[in-house]
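Dropping data.pdb in here (PDB, C-alpha atoms):
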```pdb
MODEL        1
ATOM      1  CA  MET A   1     174.176 233.086  99.365
ATOM      2  CA  LYS A   2     176.767 235.280  97.726
ATOM      3  CA  VAL A   3     180.214 236.451  98.886
ATOM      4  CA  GLY A   4     182.447 239.102  97.340
ATOM      5  CA  LEU A   5     186.220 238.713  97.056
ATOM      6  CA  ILE A   6     188.712 241.521  96.447
ATOM      7  CA  ALA A   7     192.442 240.714  96.284
ATOM      8  CA  ASN A   8     194.751 243.662  95.666
ATOM      9  CA  PRO A   9     197.785 242.635  93.544
ATOM     10  CA  ALA A  10     199.636 245.843  94.493
ATOM     11  CA  SER A  11     199.421 245.527  98.286
ATOM     12  CA  GLY A  12     202.600 244.780 100.214
ATOM     13  CA  LYS A  13     204.937 246.437  97.711
ATOM     14  CA  ASP A  14     205.101 250.189  98.428
ATOM     15  CA  ILE A  15     208.007 252.528  99.247
ATOM     16  CA  ARG A  16     208.160 251.350 102.863
ATOM     17  CA  ARG A  17     210.327 248.485 101.588
ATOM     18  CA  ILE A  18     212.925 251.201 100.868
ATOM     19  CA  VAL A  19     212.512 253.719 103.711
ATOM     20  CA  ALA A  20     211.779 251.032 106.323
ATOM     21  CA  HIS A  21     212.049 247.244 106.514
ATOM     22  CA  GLY A  22     208.646 246.099 105.334
ATOM     23  CA  SER A  23     208.394 242.603 103.873
ATOM     24  CA  VAL A  24     207.295 242.078 100.292
ATOM     25  CA  PHE A  25     204.025 240.137 100.170
ATOM     26  CA  ASP A  26     204.140 238.390  96.810
ATOM     27  CA  ASN A  27     201.082 237.683  94.721
ATOM     28  CA  GLN A  28     201.646 233.936  94.683
ATOM     29  CA  GLU A  29     200.976 233.869  98.420
ATOM     30  CA  LYS A  30     197.731 235.749  97.766
ATOM     31  CA  VAL A  31     196.837 233.010  95.269
ATOM     32  CA  ARG A  32     197.352 230.404  97.989
ATOM     33  CA  MET A  33     195.284 232.453 100.438
ATOM     34  CA  VAL A  34     192.418 232.690  97.949
ATOM     35  CA  ARG A  35     192.435 228.903  97.540
ATOM     36  CA  ARG A  36     192.051 228.489 101.276
ATOM     37  CA  ILE A  37     189.340 231.169 101.472
ATOM     38  CA  LEU A  38     187.338 229.399  98.776
ATOM     39  CA  THR A  39     187.695 226.096 100.616
ATOM     40  CA  GLY A  40     186.365 227.714 103.793
ATOM     41  CA  LEU A  41     183.453 229.271 101.919
ATOM     42  CA  ARG A  42     182.550 225.905 100.382
ATOM     43  CA  GLU A  43     182.621 224.261 103.817
ATOM     44  CA  ALA A  44     180.145 226.859 105.080
ATOM     45  CA  GLY A  45     177.778 226.183 102.196
ATOM     46  CA  VAL A  46     178.441 229.251 100.042
ATOM     47  CA  ASP A  47     177.598 228.534  96.412
ATOM     48  CA  GLU A  48     178.370 231.841  94.684
ATOM     49  CA  VAL A  49     181.432 234.109  94.712
ATOM     50  CA  LEU A  50     181.920 237.335  92.787
ATOM     51  CA  PHE A  51     185.471 238.641  92.575
ATOM     52  CA  MET A  52     187.416 241.681  91.433
ATOM     53  CA  PRO A  53     189.508 240.835  88.351
ATOM     54  CA  ASP A  54     193.114 242.027  88.522
ATOM     55  CA  SER A  55     196.265 242.232  86.418
ATOM     56  CA  TYR A  56     197.850 239.183  88.073
ATOM     57  CA  ALA A  57     194.693 237.054  87.799
ATOM     58  CA  ILE A  58     194.915 236.059  91.468
ATOM     59  CA  VAL A  59     191.565 234.276  91.671
ATOM     60  CA  GLU A  60     191.898 232.626  88.260
ATOM     61  CA  ARG A  61     195.308 231.218  89.254
ATOM     62  CA  ALA A  62     193.867 230.004  92.552
ATOM     63  CA  LEU A  63     191.226 228.013  90.689
ATOM     64  CA  LEU A  64     193.773 226.152  88.546
ATOM     65  CA  ASP A  65     194.768 223.763  91.333
ATOM     66  CA  LEU A  66     191.551 223.731  93.339
ATOM     67  CA  PRO A  67     189.224 220.756  92.710
ATOM     68  CA  ALA A  68     185.581 221.542  92.012
ATOM     69  CA  ASP A  69     184.432 219.767  95.173
ATOM     70  CA  ARG A  70     186.518 222.117  97.345
ATOM     71  CA  ARG A  71     185.160 225.434  96.101
ATOM     72  CA  PRO A  72     181.823 227.194  95.570
ATOM     73  CA  SER A  73     180.039 226.083  92.415
ATOM     74  CA  SER A  74     179.886 229.561  90.863
ATOM     75  CA  ILE A  75     182.937 231.859  90.897
ATOM     76  CA  GLU A  76     182.607 234.759  88.482
ATOM     77  CA  PRO A  77     184.475 238.042  87.876
ATOM     78  CA  LEU A  78     182.813 241.403  88.187
ATOM     79  CA  VAL A  79     182.544 243.064  84.794
ATOM     80  CA  TYR A  80     183.631 246.702  84.609
ATOM     81  CA  TRP A  81     186.277 248.944  83.072
ATOM     82  CA  GLN A  82     189.457 248.915  85.144
ATOM     83  CA  HIS A  83     192.222 251.496  85.517
ATOM     84  CA  ASN A  84     194.739 249.655  87.732
ATOM     85  CA  THR A  85     194.252 252.159  90.555
ATOM     86  CA  GLN A  86     192.559 252.007  93.956
ATOM     87  CA  GLU A  87     189.378 253.127  92.211
ATOM     88  CA  ASP A  88     189.112 249.564  90.866
ATOM     89  CA  THR A  89     188.621 248.391  94.449
ATOM     90  CA  VAL A  90     186.111 251.160  95.133
ATOM     91  CA  ARG A  91     184.075 250.204  92.075
ATOM     92  CA  ALA A  92     184.298 246.489  92.851
ATOM     93  CA  ALA A  93     182.794 247.059  96.307
ATOM     94  CA  GLU A  94     180.002 249.155  94.788
ATOM     95  CA  LEU A  95     179.190 246.359  92.340
ATOM     96  CA  LEU A  96     179.282 243.715  95.061
ATOM     97  CA  GLU A  97     176.660 245.610  97.037
ATOM     98  CA  GLU A  98     174.529 246.083  93.932
ATOM     99  CA  ALA A  99     174.788 242.352  93.166
ATOM    100  CA  GLY A 100     173.502 241.409  96.606
ATOM    101  CA  ALA A 101     176.661 240.032  98.194
ATOM    102  CA  ALA A 102     176.252 239.385 101.916
ATOM    103  CA  VAL A 103     179.909 239.868 102.893
ATOM    104  CA  MET A 104     183.079 241.060 101.179
ATOM    105  CA  ILE A 105     186.487 239.534 101.873
ATOM    106  CA  VAL A 106     189.365 241.900 101.116
ATOM    107  CA  LEU A 107     193.045 240.976 100.814
ATOM    108  CA  GLY A 108     195.324 243.986 101.246
ATOM    109  CA  GLY A 109     196.481 246.551 103.758
ATOM    110  CA  ASP A 110     194.749 249.481 105.409
ATOM    111  CA  GLY A 111     194.591 251.323 102.085
ATOM    112  CA  THR A 112     192.861 248.471 100.269
ATOM    113  CA  ALA A 113     190.306 248.039 103.044
ATOM    114  CA  ARG A 114     189.649 251.772 103.012
ATOM    115  CA  ALA A 115     189.026 251.738  99.253
ATOM    116  CA  ALA A 116     186.570 248.858  99.658
ATOM    117  CA  CYS A 117     184.686 250.709 102.400
ATOM    118  CA  ARG A 118     184.569 253.814 100.233
ATOM    119  CA  GLY A 119     182.765 251.696  97.666
ATOM    120  CA  SER A 120     180.347 250.227 100.192
ATOM    121  CA  ARG A 121     179.806 251.209 103.798
ATOM    122  CA  ASN A 122     176.873 248.797 104.019
ATOM    123  CA  LEU A 123     178.556 245.478 103.257
ATOM    124  CA  PRO A 124     180.224 243.751 106.218
ATOM    125  CA  ILE A 125     183.950 243.480 105.523
ATOM    126  CA  LEU A 126     186.483 240.829 106.456
ATOM    127  CA  ALA A 127     189.889 242.361 105.722
ATOM    128  CA  LEU A 128     192.876 239.995 105.671
ATOM    129  CA  SER A 129     196.347 241.432 106.011
ATOM    130  CA  THR A 130     198.585 241.342 102.923
ATOM    131  CA  GLY A 131     199.884 244.912 103.147
ATOM    132  CA  THR A 132     202.402 246.996 105.100
ATOM    133  CA  ASN A 133     200.776 248.954 107.927
ATOM    134  CA  ASN A 134     198.001 246.622 108.952
ATOM    135  CA  VAL A 135     195.876 248.031 111.745
ATOM    136  CA  PHE A 136     192.446 247.427 110.227
ATOM    137  CA  PRO A 137     193.049 244.074 108.454
ATOM    138  CA  VAL A 138     193.594 241.012 110.615
ATOM    139  CA  MET A 139     196.205 238.269 110.574
ATOM    140  CA  THR A 140     193.914 235.243 110.424
ATOM    141  CA  GLU A 141     194.369 231.931 108.635
ATOM    142  CA  ALA A 142     192.536 232.278 105.319
ATOM    143  CA  THR A 143     190.744 228.929 105.653
ATOM    144  CA  VAL A 144     189.156 229.984 108.920
ATOM    145  CA  ALA A 145     188.393 233.459 107.559
ATOM    146  CA  GLY A 146     186.540 231.943 104.615
ATOM    147  CA  LEU A 147     184.598 229.705 106.971
ATOM    148  CA  ALA A 148     183.557 232.639 109.177
ATOM    149  CA  ALA A 149     182.490 234.778 106.217
ATOM    150  CA  GLY A 150     180.583 231.842 104.780
ATOM    151  CA  ILE A 151     178.721 231.158 108.019
ATOM    152  CA  LEU A 152     177.437 234.739 108.047
ATOM    153  CA  ALA A 153     176.668 234.808 104.324
ATOM    154  CA  SER A 154     174.692 231.570 104.598
ATOM    155  CA  GLY A 155     172.457 233.005 107.303
ATOM    156  CA  ALA A 156     173.414 230.315 109.814
ATOM    157  CA  LEU A 157     174.285 233.228 112.106
ATOM    158  CA  SER A 158     172.985 236.779 111.997
ATOM    159  CA  MET A 159     175.366 239.621 111.219
ATOM    160  CA  ASP A 160     174.914 240.881 114.775
ATOM    161  CA  GLU A 161     176.192 237.544 116.064
ATOM    162  CA  GLY A 162     179.407 237.764 114.062
ATOM    163  CA  CYS A 163     180.183 241.432 113.419
ATOM    164  CA  TYR A 164     180.975 244.645 115.255
ATOM    165  CA  GLU A 165     180.707 248.259 114.118
ATOM    166  CA  ALA A 166     184.150 249.815 113.722
ATOM    167  CA  ASP A 167     184.547 253.561 114.176
ATOM    168  CA  ILE A 168     185.784 255.475 111.133
ATOM    169  CA  LEU A 169     186.795 259.033 110.297
ATOM    170  CA  GLU A 170     185.071 261.254 107.747
ATOM    171  CA  ILE A 171     186.908 264.061 105.978
ATOM    172  CA  LEU A 172     184.792 267.111 105.165
ATOM    173  CA  VAL A 173     186.019 269.679 102.645
ATOM    174  CA  ASN A 174     183.942 272.823 102.170
ATOM    175  CA  ASP A 175     181.143 271.229 104.239
ATOM    176  CA  GLU A 176     180.906 268.091 102.095
ATOM    177  CA  VAL A 177     182.082 264.596 103.002
ATOM    178  CA  ARG A 178     184.973 264.054 100.610
ATOM    179  CA  ASP A 179     186.536 260.849 101.888
ATOM    180  CA  LEU A 180     186.947 258.490 104.830
ATOM    181  CA  ALA A 181     189.693 256.795 106.796
ATOM    182  CA  LEU A 182     189.476 253.576 108.765
ATOM    183  CA  VAL A 183     192.376 254.255 111.112
ATOM    184  CA  ASP A 184     194.121 257.618 110.794
ATOM    185  CA  VAL A 185     194.223 260.980 109.074
ATOM    186  CA  ALA A 186     197.505 262.907 109.025
ATOM    187  CA  VAL A 187     197.851 266.555 108.022
ATOM    188  CA  ALA A 188     201.111 266.910 106.081
ATOM    189  CA  ARG A 189     202.866 270.148 105.198
ATOM    190  CA  GLU A 190     203.218 269.191 101.549
ATOM    191  CA  ALA A 191     202.196 270.756  98.254
ATOM    192  CA  PHE A 192     201.510 267.512  96.403
ATOM    193  CA  VAL A 193     200.918 263.806  97.013
ATOM    194  CA  GLY A 194     204.336 262.464  95.976
ATOM    195  CA  SER A 195     205.222 258.901  97.005
ATOM    196  CA  ARG A 196     202.012 258.560  99.094
ATOM    197  CA  ALA A 197     203.416 256.663 102.095
ATOM    198  CA  VAL A 198     204.120 258.762 105.214
ATOM    199  CA  TRP A 199     207.324 258.312 107.211
ATOM    200  CA  ASP A 200     208.697 261.833 107.938
ATOM    201  CA  MET A 201     207.010 263.043 111.130
ATOM    202  CA  GLU A 202     208.609 266.488 110.852
ATOM    203  CA  ARG A 203     206.170 267.173 108.018
ATOM    204  CA  ILE A 204     203.077 266.172 110.053
ATOM    205  CA  SER A 205     201.201 268.911 111.937
ATOM    206  CA  ALA A 206     198.179 266.944 113.210
ATOM    207  CA  LEU A 207     196.872 263.401 113.557
ATOM    208  CA  PHE A 208     193.295 262.161 113.899
ATOM    209  CA  LEU A 209     192.839 258.537 114.955
ATOM    210  CA  ALA A 210     189.732 256.353 114.854
ATOM    211  CA  ARG A 211     191.545 253.745 116.952
ATOM    212  CA  CYS A 212     194.898 253.443 118.661
ATOM    213  CA  LYS A 213     196.733 251.103 120.978
ATOM    214  CA  ALA A 214     200.285 250.658 122.152
ATOM    215  CA  ASP A 215     201.052 247.546 120.093
ATOM    216  CA  SER A 216     199.890 248.953 116.731
ATOM    217  CA  ILE A 217     202.112 249.681 113.749
ATOM    218  CA  GLY A 218     201.746 252.904 111.770
ATOM    219  CA  LEU A 219     200.730 256.425 112.715
ATOM    220  CA  SER A 220     198.103 255.206 115.165
ATOM    221  CA  ALA A 221     200.921 253.759 117.289
ATOM    222  CA  ILE A 222     201.833 257.344 118.238
ATOM    223  CA  GLY A 223     198.431 257.920 119.810
ATOM    224  CA  GLY A 224     198.569 254.438 121.290
ATOM    225  CA  GLN A 225     201.385 255.557 123.580
ATOM    226  CA  ILE A 226     199.021 258.137 125.112
ATOM    227  CA  VAL A 227     195.570 256.498 125.277
ATOM    228  CA  HIS A 228     193.836 253.319 124.136
ATOM    229  CA  CYS A 229     190.877 253.776 121.764
ATOM    230  CA  ALA A 230     189.277 250.439 120.901
ATOM    231  CA  PRO A 231     187.855 249.977 117.371
ATOM    232  CA  ALA A 232     184.224 250.031 118.555
ATOM    233  CA  SER A 233     184.568 252.358 121.546
ATOM    234  CA  GLY A 234     182.836 255.358 119.975
ATOM    235  CA  THR A 235     185.899 257.490 120.697
ATOM    236  CA  GLY A 236     188.961 258.581 118.761
ATOM    237  CA  LEU A 237     192.000 260.762 119.372
ATOM    238  CA  ALA A 238     193.122 264.102 117.921
ATOM    239  CA  LEU A 239     196.811 265.039 118.264
ATOM    240  CA  ASN A 240     198.273 268.500 117.691
ATOM    241  CA  LEU A 241     201.914 268.212 116.588
ATOM    242  CA  GLN A 242     202.493 271.835 115.601
ATOM    243  CA  GLY A 243     204.027 274.188 118.178
ATOM    244  CA  GLN A 244     205.863 273.785 121.485
ATOM    245  CA  ALA A 245     205.722 270.099 122.383
ATOM    246  CA  GLN A 246     204.637 269.120 125.889
ATOM    247  CA  ARG A 247     205.830 265.531 125.519
ATOM    248  CA  THR A 248     207.687 263.317 123.073
ATOM    249  CA  VAL A 249     206.375 259.975 121.912
ATOM    250  CA  ARG A 250     208.497 257.237 120.387
ATOM    251  CA  ALA A 251     206.676 254.707 118.222
ATOM    252  CA  ALA A 252     207.044 252.324 115.266
ATOM    253  CA  ILE A 253     205.266 253.886 112.288
ATOM    254  CA  ALA A 254     206.412 251.246 109.785
ATOM    255  CA  PRO A 255     208.082 247.828 110.034
ATOM    256  CA  GLY A 256     211.551 248.410 111.478
ATOM    257  CA  LEU A 257     211.131 252.204 111.587
ATOM    258  CA  PHE A 258     210.884 254.071 114.904
ATOM    259  CA  VAL A 259     210.329 257.838 115.029
ATOM    260  CA  SER A 260     209.875 260.514 117.667
ATOM    261  CA  ALA A 261     206.860 262.822 117.595
ATOM    262  CA  GLY A 262     206.419 265.963 119.655
ATOM    263  CA  ILE A 263     202.888 266.196 121.058
ATOM    264  CA  VAL A 264     201.620 269.721 121.755
ATOM    265  CA  SER A 265     198.170 268.617 122.951
ATOM    266  CA  HIS A 266     195.611 265.863 122.521
ATOM    267  CA  SER A 267     191.816 265.622 122.648
ATOM    268  CA  ILE A 268     189.374 262.732 122.765
ATOM    269  CA  MET A 269     187.079 262.622 119.730
ATOM    270  CA  HIS A 270     183.423 261.642 120.128
ATOM    271  CA  LYS A 271     180.988 260.526 117.441
ATOM    272  CA  GLY A 272     179.726 263.404 115.331
ATOM    273  CA  GLU A 273     182.273 265.855 116.743
ATOM    274  CA  THR A 274     184.288 267.822 114.153
ATOM    275  CA  PHE A 275     187.904 268.970 114.419
ATOM    276  CA  ALA A 276     189.185 271.676 112.089
ATOM    277  CA  VAL A 277     192.200 271.154 109.858
ATOM    278  CA  GLU A 278     194.111 274.348 110.510
ATOM    279  CA  GLN A 279     196.233 274.601 107.357
ATOM    280  CA  SER A 280     196.419 273.719 103.684
ATOM    281  CA  GLY A 281     198.555 270.801 102.581
ATOM    282  CA  VAL A 282     198.002 267.118 101.934
ATOM    283  CA  LEU A 283     195.872 264.759 103.991
ATOM    284  CA  ALA A 284     197.277 261.268 104.371
ATOM    285  CA  LEU A 285     194.475 258.762 104.840
ATOM    286  CA  ASP A 286     195.364 255.475 106.516
ATOM    287  CA  GLY A 287     199.056 256.140 106.035
ATOM    288  CA  GLU A 288     199.007 257.279 102.407
ATOM    289  CA  ARG A 289     198.992 260.855 101.116
ATOM    290  CA  ASP A 290     195.813 261.178  99.120
ATOM    291  CA  LEU A 291     193.890 264.452  99.373
ATOM    292  CA  VAL A 292     195.330 267.893  98.538
ATOM    293  CA  LEU A 293     193.892 270.876 100.421
ATOM    294  CA  HIS A 294     194.206 274.325  98.869
ATOM    295  CA  LYS A 295     194.319 277.620 100.739
ATOM    296  CA  LYS A 296     190.728 278.402  99.766
ATOM    297  CA  ASP A 297     189.468 275.108 101.216
ATOM    298  CA  THR A 298     188.014 274.659 104.687
ATOM    299  CA  ALA A 299     188.385 271.160 106.031
ATOM    300  CA  CYS A 300     187.619 269.190 109.159
ATOM    301  CA  VAL A 301     187.699 265.621 110.405
ATOM    302  CA  ARG A 302     184.998 263.913 112.453
ATOM    303  CA  LEU A 303     184.400 260.542 114.014
ATOM    304  CA  ALA A 304     181.478 259.282 111.937
ATOM    305  CA  LEU A 305     178.103 258.661 113.527
ATOM    306  CA  ARG A 306     177.919 255.387 111.597
ATOM    307  CA  GLY A 307     180.939 253.169 111.140
ATOM    308  CA  VAL A 308     181.432 250.008 109.088
ATOM    309  CA  GLN A 309     180.421 246.447 109.935
ATOM    310  CA  VAL A 310     183.465 244.227 110.429
ATOM    311  CA  VAL A 311     183.401 240.435 110.528
ATOM    312  CA  ASP A 312     184.905 239.273 113.817
ATOM    313  CA  VAL A 313     186.294 235.816 113.056
ATOM    314  CA  PRO A 314     186.729 234.602 116.670
ATOM    315  CA  LYS A 315     183.292 235.939 117.639
ATOM    316  CA  THR A 316     181.672 234.254 114.635
ATOM    317  CA  LEU A 317     183.271 230.879 115.203
ATOM    318  CA  GLU A 318     182.554 230.964 118.926
ATOM    319  CA  ALA A 319     178.889 231.639 118.143
ATOM    320  CA  ALA A 320     178.990 228.757 115.652
ATOM    321  CA  ARG A 321     180.409 226.503 118.359
ATOM    322  CA  THR A 322     177.723 227.585 120.820
ATOM    323  CA  LYS A 323     175.016 226.731 118.279
ATOM    324  CA  GLY A 324     176.657 223.431 117.404
ATOM    325  CA  LEU A 325     176.953 224.232 113.705
ATOM    326  CA  PHE A 326     179.896 221.889 113.201
ATOM    327  CA  ALA A 327     179.405 219.373 116.006
ATOM    328  CA  ARG A 328     176.534 216.877 116.110
ATOM    329  CA  PRO A 329     175.834 213.607 117.932
ATOM    330  CA  ILE A 330     176.721 210.457 115.992
ATOM    331  CA  GLY A 331     173.964 209.691 113.519
ATOM    332  CA  GLN A 332     172.782 213.297 113.227
ATOM    333  CA  ALA A 333     173.810 215.001 109.990
ATOM    334  CA  LEU A 334     175.748 218.255 110.044
TER     335      LEU A 334
ENDMDL
END
```
Turn this file's structure into structure tokens for me.
Amino acid sequence: MKVGLIANPASGKDIRRIVAHGSVFDNQEKVRMVRRILTGLREAGVDEVLFMPDSYAIVERALLDLPADRRPSSIEPLVYWQHNTQEDTVRAAELLEEAGAAVMIVLGGDGTARAACRGSRNLPILALSTGTNNVFPVMTEATVAGLAAGILASGALSMDEGCYEADILEILVNDEVRDLALVDVAVAREAFVGSRAVWDMERISALFLARCKADSIGLSAIGGQIVHCAPASGTGLALNLQGQAQRTVRAAIAPGLFVSAGIVSHSIMHKGETFAVEQSGVLALDGERDLVLHKKDTACVRLALRGVQVVDVPKTLEAARTKGLFARPIGQAL
């Protein structure tokens, strides 16, 4: 039984600490989280962990103060050439799938989780929040998260018993799938990527959302003031923000930052349905400007027919309780 571990040393440190009031998530806290994850994995019976090496040596530092009897017996780094970009996460996820990992645990924000899913759309993902705009990752105690991932990796529960399929967005450029987004795609009237993070709504002409609800943070919070699209509902939301607005929405798009957005029209997205991107510019994927569209390009966004498998920690542990995985009569071994 093998589990993959990706901890992004750069998450929780972007420009939203300057333009908004986002907290800095330091790498030492990620080290402590990894220790607790490994303890949970060991408790579930996981014996092998493969991890993404990083510039801060998050996993290696976590192992320094973690006794051998509280962690899996084999914890090894993935071996590949790194560039200190999000492509390291993409490649790590690819290698985890190739190595036969059953689950990948990802520490980061929406952007880190997206990069991992770009690398592998087949591996179930458990994304823990250590970033800024965290709609896809969850705020769950790392010990319990490790336990849930380990239960599924060990085969004590099936993936169906502990996961759900989350809707995602695919970006097509010139009729080819170029990229994906887990939460939102924003069309920005920009000529280049720049500082990546999106906070100026006057530059946004359209939004496409794979999920949205009123209590979200980030661009999806705008759509969440209009409709609720659950992560596994099979529906999304397209918002036109260019033209004469029919209503104004006020929402928090970053920690401590509220903006107003004029909504011209909105449409429900269904699986497989494509929506054209009407102008050139930059596409921001999960809150970060990433993909430049040129005038000669034709682009569209669709709600993918197949999403990604997401580990549902409460669902997994409730199923474990129902099966009595951690509760036995006196005299009967666990």
Notebook entry, point to check: For Pro231 in chain A, which residue among A:Ala62, A:Val46, A:Val3, A:Ala210 is the nearest when counting only C-alpha atoms?
Noted result: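 Nearest candidate to Pro231 in chain A out of A:Ala62, A:Val46, A:Val3, A:Ala210: A:Ala210.
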Next item on the list: For the point (199.6, 268.9, 110.7) in the file's frame, write as JSON, numbers by chain all residues with an atom no more than 12 Å away, counting only C-alpha atoms.
Entry: {"A": [185, 186, 187, 188, 189, 190, 200, 201, 202, 203, 204, 205, 206, 207, 208, 238, 239, 240, 241, 242, 243, 261, 262, 263, 264, 276, 277, 278, 279, 280, 281, 282, 283, 284, 293]}
Next item on the list: For CA of Met104 in chain A and CA of Thr89 in chain A, determine how far apart the two atoms are, in Å to one decimal place.
Entry: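 These two atoms are separated by 11.4 Å.
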Give me the box for range 238-244 of chain A as JSON, namely the centre and edge lengths in Å to one decimal of a box along x, y and z that holds every listed atom plus 6 Å on each side.
```
{"center_x": 199.5, "center_y": 269.1, "center_z": 118.5, "size_x": 24.7, "size_y": 22.1, "size_z": 17.9}
```
Next item on the list: Enter the distance from CA of Gln86 in chain A to CA of Glu29 in chain A, in Å, rounded to one decimal.
Entry: 20.5 Å
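Here CA of Ala145 in chain A stands at a distance of 21.5 Å from CA of Val183 in chain A.
Distances from A:Asp54, A:Glu165, A:Glu141, A:Glu48 to Glu76 in chain A were compared using only C-alpha atoms, and the smallest one belongs to A:Glu48.
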Next item on the list: Go through the shown structure with the PyMOL selection byres ((chain A and resi 73) around 7) and write out the matching residues as a PyMOL selection string.
Entry: chain A and resi 47-48+71-72+74-75
Notebook entry, point to check: Between A:Ala101, A:Ile6, A:Ile226, A:Ile171, which has the minimum distance to Gly272 in chain A (counting all atoms listed in the file)?
Noted result: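 Using all atoms listed in the file, Gly272 in chain A sits closest to A:Ile171.
Distances from A:Ser129, A:Asn174, A:Ser260, A:Thr274 to Asp297 in chain A were compared using all atoms listed in the file, and the smallest one belongs to A:Asn174.
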Name the residues captured by the PyMOL selection byres ((chain A and resi 102) around 7) when it is applied to the shown file; answer as a compact mmCIF listing (two decimals) with C-alpha atoms, in the frame of the given file.
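What ended up in out.txt:
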```txt
# COMPACT_ATOMS: atom_id res chain seq x y z
CA LYS A 2 176.77 235.28 97.73
CA VAL A 3 180.21 236.45 98.89
CA GLY A 100 173.50 241.41 96.61
CA ALA A 101 176.66 240.03 98.19
CA VAL A 103 179.91 239.87 102.89
CA LEU A 123 178.56 245.48 103.26
CA ALA A 153 176.67 234.81 104.32
```
Note to self: For the provided coordinates, the residues matched by the PyMOL selection byres ((chain A and resi 307) around 6) should be stated as a ChimeraX atom specification.
What the structure shows: /A:165-168,306,308
Next item on the list: Please identify all polymer residues within 7 Å of Leu172 in chain A, counting all atoms listed in the file, omitting same-chain residues fewer than 2 positions from it, and present them as a list in words.
Entry: Glu170, Asn174, Asp175, Glu176, Val177, Arg178, Ala299, Cys300 and Val301 of chain A
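Residue nearest Leu128 in chain A within the list A:Lys30, A:His228, A:Arg42, A:Lys271: A:Lys30 [criterion: smallest interatomic distance, only C-alpha atoms].
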Next item on the list: Rank nothing, just name the residue among A:Gly218, A:Gly162, A:Gly234, A:Gly119 nearest to Phe258 in chain A, using all atoms listed in the file.
Entry: A:Gly218
